[in-house]
Amino acid sequence: MSAPLISLDRPNSYIGRSLPRPNAKRLLAGRGRYVSDLHLPRMLHAAFLRSPHAHAKIVSINTDAARAVEGVHLVATGPDLAKICTPWIGTLDHFKGMTSSPQLPLPLDRVVWSGQAVVAVVAESRAIAEDALELIEVNYEELPVVVDVDGAREVGSPLVNPGSANNVCFRSQLDNGAVDDAFAKASHVVEEEFSFGRHTAVTLEPRAIVADYDPAAGMLTVHHATQTPYQFQDLYSRHYGIPEARVRVIATDIGGSFGMKLHVYHEDMAVVGLSILLGRPVKYVADRIESFVSDIHARDHRVRARMALDARGGILAMDVVDLTAIGAFSTYPRTSVVEGNQVIRLIGAPYCFRNYRATLEVIFQNKVQTSQYRAVGHPIACAVTERLLDMAASKVGLDPFAIRAQNVIADDAYPHTSPTGYRFEALSHQACLKRLHEIMDYDSLRAEQADLRKRGVYRGIGIATFVEITNPSPAFYGVGGARISSQDGAIVSLTPSGEVRCLISVTEQGQGTESIIGQIVADQLGLAQERIKVITGDTEVTPHGGATWACRGAGIGGETALQSARALKRNILEIAALVLQEQPSALDIVDGEVVDASTRNQRMPISEIARIVYFRSDTLPPGTQAQLTVSHHFAPQGYPFAFTNGIQGCLLDVDVETGFVKLLKHFIVEDCGRVINPMLVDEQLRGGIVQGLGAALFEECRYSETGQLVNGSLADYLVPMPMEMPDIVIAHVETPTADTELGAKGVGEAGTAAASACVLNAVNDALAPLGATINSIPITPARVLKALKRF
Amino acid sequence: MSGFDETLLGEADETVRVRFVVNGRKVACEVAPRETLVDCLREKLELTGTHAGCEMGACGACLIQLDGRAVHSCLIFAVQADGARIDTIEGLSESGVIADLQAEFHRRNALQCGFCTPGMLVNAEELLSLVAQPSREQIRDALSGNYCRCTGYEAIIDAIYAVAKARSGGVTT
Amino acid sequence: MKARAFSYFRAATIDQALDAHARAGDDARFIAGGQSLVPALSLRLQAPRLLIDITHIDELRGVRREGGYLRIGALTRHCEMLTEASIAESAPLLHVAAPFVAHPAIRNRGTIGGSVALADPASEFPAMTLALDAEIEIVGPSGRRRVKADDFFIDLFETALQPGELIAAIHVPLFRADQRFAFDELARRRGDYALVGCGIMATCQGSRIEDIRISFFSVGNTPTRVKGAERALIGARLDVERIAAAQRALECDLAPPEGDEVPPAMRLHLARVLLGRLLGRLGEGA
C-alpha cells in the first residue's frame with residue numbers, strides 16, 4: 001500500500017526533498033519565543049553570588065545587607081534549598097565502580113570550583129539582584145586546589161572530595177587479548193601522545209529558565225530552554241517531591257543547545273526551589289560570563305596511543321590510554337564518563353583489525369563539570385586514530401588515501417563487530433573514500449601543493465575517516481538506571497477540517513525536527529505538508545519520549561512519526577471503506593483525497609471523512625467507533641546503535657613564520673542512511689564541521705594554576721567566526737538502516753566528529769617538510785611556532 | 001550656563017523619561033540611566049526580536065539600526081539614545097525592506113536556532129546599503145562580529161550574496 | 001551583568017561637560033561612543049556616580065585642515081576614517097588601520113577621541129597617533145593644551161589626561177608626497193585584538209629613509225615606538241640587511257609582558273616577522 005520511500009516522483013513524496021522549514025519564518029521576523037524573552041505576571045529575577053575560589057570551605061555567610069535592599073524578595077543559601085530539594089548523584093550502574101559526591105542546588109559548606117553558585121538573590125529586576133549580591137559577605141577558608149590532571153593523580157595529592165581515597169571517578173579497561181604479541185611482531189609501530197583542550201558549547205542564547213510554582217494548585221510549570229523536557233519533568237518531580245503529573249516543563253524556542261542544555265545545573269535546580277519558596281515565577285538567564293564558568297565544558301583528554309602495522313601498512317593492533325579530567329563531580333543524570341567511554345570504544349572504529357587494548361581513567365579536579373557536548377568523544381577518538389594512521393602512512397610510504405583504502409572495513413563485509421565490541425550493521429567507507437577523492441580532486445591538490453612548497457607556501461591536505469553513534473537504544477542510559485527514554489511517542493489526529501496535527505516527543509532546536517516530522521507524516525498520509533501541524537516540547541501536551549539528543553531525532557522520532565502516520569491512515573481508510581462500501585486495501589490517500597488504490601481516481605476528500613466522523617457519526621454503520629486520533633510509540637530494536645560513517649577532507653595553509661593557519665576549503669562525504677531533507681542534512685553537516693574547526697584552531701578554556709578560568713568571556717574565548725571559516729563541499733552516500741521502515745540514522749554530530757582530526761592531519765601534512773609535528777588541539781600559533789622552534 | 005543640576009547626583013536610581021522613534025512610531029518610556037538599550041527594547045517596549053548574547057559587543061545578536069546605522073544595542077544606554085530613530089527586526093520586517101533577505105535566508109535555511117538571525121539581517125542590510133555588490137569575502141568580513149553557532153555561516157553568506165545580486169538586477173542562483 | 005546605578009547628564013557644550021565633571025568629582029566619567037566603557041560598566045569593573053555624555057557637543061566634531069595638520073574632532077567615528085575623503089588623503093595611515101578596528105557596528109559608534117583617551121595598548125588608533133607624530137588637543141578646567149603623542153601615553157590605561165580633562169581633537173601632520181606608510185596586524189580572528197600590530201610612517205628621499213616612525217601595539221603596557229629599530233633605518237636604504245638590523249633592534253625596543261597565551265618570546269618573534277613584512281612592503285612603495 002505504501003510506495004517505496006525513495007521514489008520522489010509520486011504526489012506528496014516529501015521524504016528526500018529539500019524543503020525550507022515552515023517554522024523558520026517566525027525566527028526571521030524576530031518572532032521567536034525564547035525563554036529569555038518570557039515575562040510572566042509577578043515574575044521575579046534571580047542572580048547568584050559565585051565562588052572566587054576553586055576550592056574553599058565556607059566559614060560563614062552574611063546576607064543581612066543584601067536582604068535589606070529595596071526590591072529584594074529572597075536571599076537563599078545552601079541550607080535553605082536543601083530543606084526542600086533532595087541531593088543528586090551523577091553515577092550510572094553500568095559504569096561499574098564509578099563514584100561521585102552528592103550535590104545540592106547551592107553548597108552547604110564547601111565550594112569546589114571557581115564560579116560555583118553559592119548564594120541566590122531574588123529581586124524585582126536582575127540589576128537589583130546584582131546590587132544585592134555586592135553586599136553579601138562570604139567568609140571562605142581556602143583549601144588546596146586540584147587543577148592539573150597529573151597533580152590530581154599523584155599519591156598524596158589534595159583531594160577534591162575529602163574522605164575519598166583518591167581523585168579517581170572511574171576506571172575502565174578493554175582488552176581482547178594478544179595486543180602485546182601483535183606489537184612484538186609488527187613491522188611498524190607508531191606512537192604519539194595527544195592532548196585535547198577543554199572547550200564549551202557557547203550557545204548564542206545562554207541557559208534560561210523560568211520556574212513558576214503555584215502553591216494553590218500544587219503545580220510547578222517550568223519554561224526551560226532545554227532539549228529534554230521529559231527528563232526534567234521527572235527530575236523536578238522527584239527531587240522536589242511534586243507528583244509528576246503536577247510538573248509541566250515547556251521547552252519553546254531555544255537559542256542553541258548542542259548537548260549543553262540537557263544536563264542538570266545547580267542554578268536551574270535552585271530557581272525551581274526559589275519559585276517554590278516564593279510561590280511566584282522566578283526567571284534566571286545566565287549572562288555570558290556566568291555561562292563560561294557554569295555551563296558544562298567538554299573534551300579535556302590526554303591520550304597516549306600506539307598502533308602496530310604489518311609491512312604493507314595493514315593495522316594489526318592498537319593500544320590506548322585515555323586520561324580525562326571532568327571537574328569536581330560527575331554531571332547528573334548522564335554522568336561525565338560517557339565521553340571517555342566513547343573515546344576508548346570509537347578509536348579505530350572505521351578499520352579492520354583484531355587486537356585492541358584501552359584504559360580509561362576519569363579524574364576529579366577543581367573545575368566546572370564536563371559532560372556530553374556535540375559529538376561526545378568522537379573528535380578525540382577520530383583525531384587519535386587518524387593521526388596515527390597518517391604517521392603510519394608516512395612510515396610505510398603510502399598515501400593517506402591508500403592506507404585508509406587498505407584498512408577500512410570493506411563495504412561488503414557487514415555486519416561487522418569492532419574490536420571494542422560495537423556492532424556495525426552496514427557502513428560505506430570504501431564508497432565514501434572514493435567519492436571524497438573525486439570531490440577534492442585530490443591528485444590536483446597534491447600537485448598544486450608541491451608547486452606551492454617550491455615557493456615557500458606550506459599547504460596542508462588532511463583527511464579523516466569517522467564512525468558516528470546514532471539512534472541509541474536503552475543500552476546507552478536506560479541500562480544504567482537513568483530515567484532517560486530511548487523511545488518516542490506521537491499523537492496524530494485528523495482534525496475536523498481534514499488537517500493533521502502531530503504531537504511528538506522529539507524536540508526542535510533549529511535543526512529542523514518539526515520540518516522533517518511534518519515531511520514524514522505528510523508523505524505517509526498522502527497530504528500536502530502545509531496541512532500538517534507539528535507540536536513539540538511541552539510535557540503537558542506531547543507524549544513522553546527521549547526528545548532530542550545523541551542524533552536520535554530523525555532516526556527514532558522519524559520512525560515514530562512514520563508508524564503513527566501509517567496507523568492513522570489505516571484508521572481513515574477503514575472509515576472511508578465503510579462510507580464507500582469498499583475494502584480498505586482498495587483505497588489510498590493522495591493529496592488529501594481518498595482515491596482508488598489502483599486507478600488513483602478520486603473518491604472523497606479526507607475532510608469529508610472528518611466531517612462525517614466528528615459531526616455525523618449517526619450516518620456510519622452501527623457499532624462503528626472511528627479513531628481519528630492515533631497514539632503510537634516506537635522503541636528502537638535490533639542493533640543497539642545505528643552507526644553512521646563518512647570521511648572529511650581539509651585544505652589549509654600554514655604561515656610558518658607566524659604560526660597562523662588559514663582554512664581554505666573543507667570537504668565531507670557522509671552516510672546517514674535515508675536522507676529526509678537534504679538541505680537540512682547539509683546544514684547540520686556544515687554547522688557541525690564549523691564547530692569542529694573552532695575546536696581545532698581556536699577554542700580552549702584556559703585555567704590558571706589556582707583554578708581560575710582566564711579566558712571566560714566572548715572576547716577572550718575564541719569561537720569560530722565568519723571570516724576564518726571555509727566553504728564546505730558536501731557529498732552523500734546513502735545506506736539506510738534495515739532496523740526501521742524509514743531507514744534514517746542521525747547526522748547532527750558527523751561534522752564535529754572528524755573536522756578537528758582533519759585539520760590536525762592537514763597541519764601536520766603542511767609542516768612535514770620542516771620536520772615539525774603537532775599533537776595538541778587547539779592548534780594555536782603558539783603551538784605551531786613552538787613545534788617549528790621559532791621562539 | 002551649566003545646565004548641570006547637582007541634585008542629579010543623588011538620584012542615580014531615579015528613572016528618566018526618554019523619547020525615541022521606534023520602528024516609525026514615537027514612543028516615550030521611563031528608564032533608569034543604567035538600563036542598556038537592548039534591555040529597554042526587550043523589556044520596556046517588548047521588542048524581543050533583538051537578542052542579548054554577550055552584553056559586550058562580541059556576538060552581534062543585539063544589532064539594531066540607530067539613526068540608520070547598525071549598532072550594538074548592548075553597548076549603549078537607553079538614555080544615550082534619547083531622541084534617536086531606532087529600527088529593530090520587528091520594524092524592518094513590517095516595513096518589508098528586508099523581505100528579500102528574509103526570503104533568501106528561509107529558502108537556503110541560513111538559520112537554525114534563529115537567535116543570531118535578527119543581528120545577521122541588520123548587518124546584512126547595512127552592508128548592502130553601503131556596498132551594492134559585495135564579494136563573498138566582503139560579506140564574511142562585514143559579518144566578522146556576528147556569531148552563529150549553528151549554521152557554519154556558508155548559507156548566510158550565500159543568501160546575502162544572492163540578494164545583493166538580485167537587488168543589483170542580476171539573477172539569483 | 002548589569003551596571004551599578006549612576007546618573008546621566010548630556011552636555012551640550014564643552015563648558016557644560018567640564019563643569020559637570022568638576023562638580024561631580026572623581027566619580028564622573030565622560031562617555032562618547034562608549035564601546036569600551038559600556039561593557040566595563042556592565043561588568044561592574046567601573047562604577048561612576050555620573051556619566052557625562054559628550055556626544056552632542058558640536059565643537060568636538062568635524063575634520064578639517066588647520067596649519068600643517070589635519071584636525072580630527074574627537075567625536076569622529078571609526079567608520080568615518082573609512083569614508084572621510086580628507087582622512088584618506090591627509091592621514092592615510094588612519095584610513096588603512098580603520099578596517100582592523102573591531103567590527104563594522106562597533107566602528108559605527110566608537111570615536112577616535114574615546115579610543116585615544118582610553119589608550120588601550122592593544123588598540124590600533126592610539127598606536128597610530130604615535131607613528132603619525134600626532135598631537136592630542138586636550139581641554140580641561142585649566143584650559144586648552146596640545147600634547148605630543150610621544151608624551152601622551154604614560155602607562156597601562158594611563159595618559160597625560162588629568163582628571164576632568166577630555167580630548168577635543170587629534171592633530172595629524174598632513175601627509176606629504178615624500179612619505180610612505182604601512183600598517184598590518186596579526187590577529188587570530190578578524191576584528192580581534194591583535195597579538196601584535198604595527199604602523200609605520202616614513203619620509204623618504206628616493207629609496208633612502210630620511211625619517212621613520214614605527215609604532216607597535218599589543219606589545220606592552222602602552223602603544224610603543226621602537227626607536228632602536230627606527231635608528232637602524234634612518235639614513236639608510238631599505239635593503240635586506242637594514243631590515244634585519246631593524247628586526248634585531250626590537251629585542252631592546254620591546255619588552256612584552258608575560259601573557260597567559262602568548263609568551264614574551266613569541267610576541268617578540270611575531271613583532272620581528274611583522275616588522276620585516278611591513279618594511280618589505282614599504283620598500284616596494286606600498
# chains A, B, ... in the order shown; residues from 1 in each chain; ligands from 1
call {"tool": "residues_around", "arguments": {"residues": "Leu74 (chain A)", "least_positions_apart": "3", "cutoff": "9 Å", "atoms": "only C-alpha atoms", "output": "list in words"}}
result
Arg67, Ala120, Val121, Val122, Ala123, Leu274, Leu277 and Leu278 of chain A
call {"tool": "closest_atom_pairs", "arguments": {"of": "chain A", "to": "chain B", "cutoff": "7 Å", "atoms": "only C-alpha atoms", "output": "tab-separated table"}}
result
residue	atom	partner	partner_atom	distance
A:Pro20	CA	B:Arg107	CA	5.6
A:Ala24	CA	B:His106	CA	6.7
A:Lys25	CA	B:His106	CA	6.7
A:Leu27	CA	B:Gly114	CA	5.3
A:Leu28	CA	B:Gln102	CA	6.0
A:Ala29	CA	B:Ser93	CA	5.6
A:Gly30	CA	B:Gly49	CA	3.9
A:Arg31	CA	B:Gly49	CA	6.1
A:Gly32	CA	B:Gly49	CA	6.9
A:Asp37	CA	B:Thr48	CA	5.9
A:Thr203	CA	B:Arg149	CA	6.4
A:Leu204	CA	B:Gly53	CA	5.5
A:Glu205	CA	B:Gly53	CA	5.8
A:Ile254	CA	B:Cys113	CA	6.4
A:Gly255	CA	B:Phe115	CA	5.2
A:Gly256	CA	B:Cys113	CA	5.6
A:Asp287	CA	B:Cys54	CA	7.0
A:Arg288	CA	B:Cys54	CA	5.1
A:Gln509	CA	B:Cys113	CA	5.7
A:Gly510	CA	B:Cys113	CA	4.0
A:Gln511	CA	B:Gln112	CA	5.7
A:Glu683	CA	B:Thr151	CA	6.1
A:Arg686	CA	B:Gly152	CA	5.2
A:Gly687	CA	B:Gly152	CA	4.2
A:Val690	CA	B:Gly152	CA	5.1
A:Leu714	CA	B:Ala58	CA	6.1
A:Ala715	CA	B:Ala58	CA	6.0
A:Met721	CA	B:Tyr147	CA	5.9
A:Pro722	CA	B:Arg140	CA	5.3
A:Met723	CA	B:Arg140	CA	4.9
A:Asp727	CA	B:Glu154	CA	6.1
call {"tool": "atom_distance", "arguments": {"atom1": "CA of Leu309 (chain A)", "atom2": "CA of Val190 (chain A)"}}
result
8.4 Å
call {"tool": "residues_around", "arguments": {"residues": "Thr221 (chain A)", "least_positions_apart": "2", "cutoff": "7 Å", "atoms": "only C-alpha atoms", "output": "PyMOL selection string"}}
result
chain A and resi 211-213+219+223+247-249
call {"tool": "interface_residues", "arguments": {"of": "chain B", "to": "chain C", "cutoff": "6 Å", "atoms": "only C-alpha atoms", "output": "ChimeraX atom specification"}}
result
/B:2,4,9,12-13,34,56,70-71,75,145
call {"tool": "write_last_selection", "arguments": {"atoms": "N, CA and C atoms", "output": "PDB file, in the first residue's frame"}}
result
ATOM      1  N   SER B   2      25.441  76.364  32.895  1.00  0.00           N
ATOM      2  CA  SER B   2      25.881  74.997  33.127  1.00  0.00           C
ATOM      3  C   SER B   2      24.915  73.959  32.585  1.00  0.00           C
ATOM      4  N   PHE B   4      23.877  71.718  34.250  1.00  0.00           N
ATOM      5  CA  PHE B   4      24.035  70.561  35.120  1.00  0.00           C
ATOM      6  C   PHE B   4      23.437  70.834  36.479  1.00  0.00           C
ATOM      7  N   LEU B   9      23.001  63.998  41.063  1.00  0.00           N
ATOM      8  CA  LEU B   9      23.965  63.053  41.627  1.00  0.00           C
ATOM      9  C   LEU B   9      23.346  62.180  42.705  1.00  0.00           C
ATOM     10  N   ALA B  12      20.648  58.539  41.414  1.00  0.00           N
ATOM     11  CA  ALA B  12      21.150  57.540  40.470  1.00  0.00           C
ATOM     12  C   ALA B  12      20.085  56.498  40.124  1.00  0.00           C
ATOM     13  N   ASP B  13      19.219  56.199  41.091  1.00  0.00           N
ATOM     14  CA  ASP B  13      18.233  55.148  40.835  1.00  0.00           C
ATOM     15  C   ASP B  13      16.960  55.665  40.180  1.00  0.00           C
ATOM     16  N   ARG B  34      21.037  53.376  34.016  1.00  0.00           N
ATOM     17  CA  ARG B  34      21.912  52.221  33.827  1.00  0.00           C
ATOM     18  C   ARG B  34      21.339  51.178  32.874  1.00  0.00           C
ATOM     19  N   MET B  56      28.535  42.521  25.608  1.00  0.00           N
ATOM     20  CA  MET B  56      29.803  43.248  25.495  1.00  0.00           C
ATOM     21  C   MET B  56      30.233  43.467  24.043  1.00  0.00           C
ATOM     22  N   ALA B  70      23.848  50.412  11.798  1.00  0.00           N
ATOM     23  CA  ALA B  70      23.839  49.229  12.653  1.00  0.00           C
ATOM     24  C   ALA B  70      24.727  49.453  13.873  1.00  0.00           C
ATOM     25  N   VAL B  71      24.174  49.289  15.047  1.00  0.00           N
ATOM     26  CA  VAL B  71      24.976  49.384  16.274  1.00  0.00           C
ATOM     27  C   VAL B  71      24.531  48.291  17.253  1.00  0.00           C
ATOM     28  N   LEU B  75      25.678  48.029  23.785  1.00  0.00           N
ATOM     29  CA  LEU B  75      26.808  48.929  24.044  1.00  0.00           C
ATOM     30  C   LEU B  75      26.364  50.379  24.091  1.00  0.00           C
ATOM     31  N   GLY B 145      31.783  40.167  13.102  1.00  0.00           N
ATOM     32  CA  GLY B 145      31.414  40.277  14.515  1.00  0.00           C
ATOM     33  C   GLY B 145      30.077  39.643  14.834  1.00  0.00           C
TER      34      GLY B 145
END
call {"tool": "decode", "arguments": {"residues": "region 524-636 of chain A", "atoms": "C-alpha atoms", "output": "tab-separated table (two decimals), in the first residue's frame"}}
result
chain	number	residue	atom	x	y	z
A	524	GLN	CA	2.99	8.73	4.70
A	525	LEU	CA	-0.56	10.03	4.98
A	526	GLY	CA	-0.72	11.48	1.49
A	527	LEU	CA	-1.29	15.09	2.34
A	528	ALA	CA	0.20	18.45	1.45
A	529	GLN	CA	2.84	19.37	4.04
A	530	GLU	CA	1.12	22.70	4.71
A	531	ARG	CA	-1.80	20.76	6.18
A	532	ILE	CA	0.34	19.17	8.90
A	533	LYS	CA	0.89	20.96	12.16
A	534	VAL	CA	3.70	19.57	14.31
A	535	ILE	CA	3.80	20.37	18.00
A	536	THR	CA	6.77	19.62	20.25
A	537	GLY	CA	8.28	20.40	23.62
A	538	ASP	CA	5.52	20.52	26.23
A	539	THR	CA	5.21	17.66	28.71
A	540	GLU	CA	1.57	18.53	29.33
A	541	VAL	CA	0.75	18.09	25.67
A	542	THR	CA	3.27	15.88	23.91
A	543	PRO	CA	3.74	12.21	24.86
A	544	HIS	CA	6.73	11.07	26.88
A	545	GLY	CA	9.87	10.30	24.94
A	546	GLY	CA	13.59	10.72	24.68
A	547	ALA	CA	13.34	14.09	22.94
A	548	THR	CA	16.42	15.23	21.05
A	549	TRP	CA	19.99	14.22	21.84
A	550	ALA	CA	22.70	11.90	20.55
A	551	CYS	CA	21.43	12.09	16.99
A	552	ARG	CA	18.14	10.34	17.55
A	553	GLY	CA	15.50	12.82	16.30
A	554	ALA	CA	15.33	11.71	12.67
A	555	GLY	CA	16.07	8.03	13.23
A	556	ILE	CA	13.82	7.30	16.21
A	557	GLY	CA	11.46	10.29	16.18
A	558	GLY	CA	11.13	9.99	12.42
A	559	GLU	CA	10.23	6.30	12.63
A	560	THR	CA	7.71	7.11	15.36
A	561	ALA	CA	6.11	9.66	13.06
A	562	LEU	CA	6.12	7.24	10.15
A	563	GLN	CA	4.46	4.43	12.07
A	564	SER	CA	1.93	6.81	13.67
A	565	ALA	CA	1.00	8.29	10.31
A	566	ARG	CA	0.54	4.85	8.81
A	567	ALA	CA	-1.70	3.87	11.72
A	568	LEU	CA	-3.84	6.97	11.28
A	569	LYS	CA	-4.03	6.32	7.57
A	570	ARG	CA	-5.33	2.83	8.22
A	571	ASN	CA	-8.00	4.24	10.52
A	572	ILE	CA	-9.02	6.89	7.99
A	573	LEU	CA	-9.24	4.32	5.22
A	574	GLU	CA	-11.30	1.99	7.38
A	575	ILE	CA	-13.94	4.69	7.71
A	576	ALA	CA	-13.60	5.60	4.04
A	577	ALA	CA	-14.15	1.95	3.16
A	578	LEU	CA	-17.33	1.89	5.22
A	579	VAL	CA	-18.63	5.05	3.60
A	580	LEU	CA	-17.63	4.00	0.09
A	581	GLN	CA	-18.53	0.33	0.55
A	582	GLU	CA	-15.02	-0.76	-0.47
A	583	GLN	CA	-12.26	-2.81	1.05
A	584	PRO	CA	-9.75	-0.56	2.86
A	585	SER	CA	-6.95	-2.16	0.85
A	586	ALA	CA	-8.60	-0.95	-2.35
A	587	LEU	CA	-8.21	2.66	-1.23
A	588	ASP	CA	-5.33	5.08	-0.75
A	589	ILE	CA	-4.89	8.73	0.12
A	590	VAL	CA	-3.31	11.17	-2.31
A	591	ASP	CA	-3.15	14.91	-1.69
A	592	GLY	CA	-5.83	14.75	0.96
A	593	GLU	CA	-8.22	12.77	-1.24
A	594	VAL	CA	-9.26	9.18	-0.77
A	595	VAL	CA	-8.56	7.51	-4.11
A	596	ASP	CA	-8.88	4.08	-5.68
A	597	ALA	CA	-5.57	2.44	-4.96
A	598	SER	CA	-5.30	1.07	-8.46
A	599	THR	CA	-6.78	3.79	-10.68
A	600	ARG	CA	-5.95	6.82	-8.47
A	601	ASN	CA	-9.46	8.08	-9.19
A	602	GLN	CA	-10.64	10.47	-6.51
A	603	ARG	CA	-13.42	9.13	-4.29
A	604	MET	CA	-13.79	11.65	-1.49
A	605	PRO	CA	-11.67	14.18	0.42
A	606	ILE	CA	-10.45	13.14	3.85
A	607	SER	CA	-12.01	16.36	5.15
A	608	GLU	CA	-15.36	14.77	4.31
A	609	ILE	CA	-14.45	11.72	6.37
A	610	ALA	CA	-13.51	14.03	9.24
A	611	ARG	CA	-16.83	15.86	8.90
A	612	ILE	CA	-18.80	12.63	9.00
A	613	VAL	CA	-16.87	11.17	11.91
A	614	TYR	CA	-16.93	14.27	14.08
A	615	PHE	CA	-20.41	15.64	13.26
A	616	ARG	CA	-22.50	12.89	11.63
A	617	SER	CA	-21.40	9.69	13.30
A	618	ASP	CA	-25.10	8.76	13.14
A	619	THR	CA	-24.66	8.11	9.42
A	620	LEU	CA	-21.98	5.47	9.99
A	621	PRO	CA	-22.93	1.79	10.39
A	622	PRO	CA	-24.00	0.94	13.94
A	623	GLY	CA	-21.11	-0.15	16.14
A	624	THR	CA	-18.57	1.98	14.31
A	625	GLN	CA	-16.25	3.86	16.65
A	626	ALA	CA	-13.97	5.89	14.41
A	627	GLN	CA	-10.45	6.55	15.74
A	628	LEU	CA	-9.09	9.63	14.05
A	629	THR	CA	-6.53	10.16	16.77
A	630	VAL	CA	-3.71	7.68	16.97
A	631	SER	CA	-1.31	7.46	19.84
A	632	HIS	CA	1.77	5.48	19.00
A	633	HIS	CA	5.18	4.77	20.47
A	634	PHE	CA	8.31	3.40	18.88
A	635	ALA	CA	11.34	1.98	20.70
A	636	PRO	CA	14.41	1.07	18.67
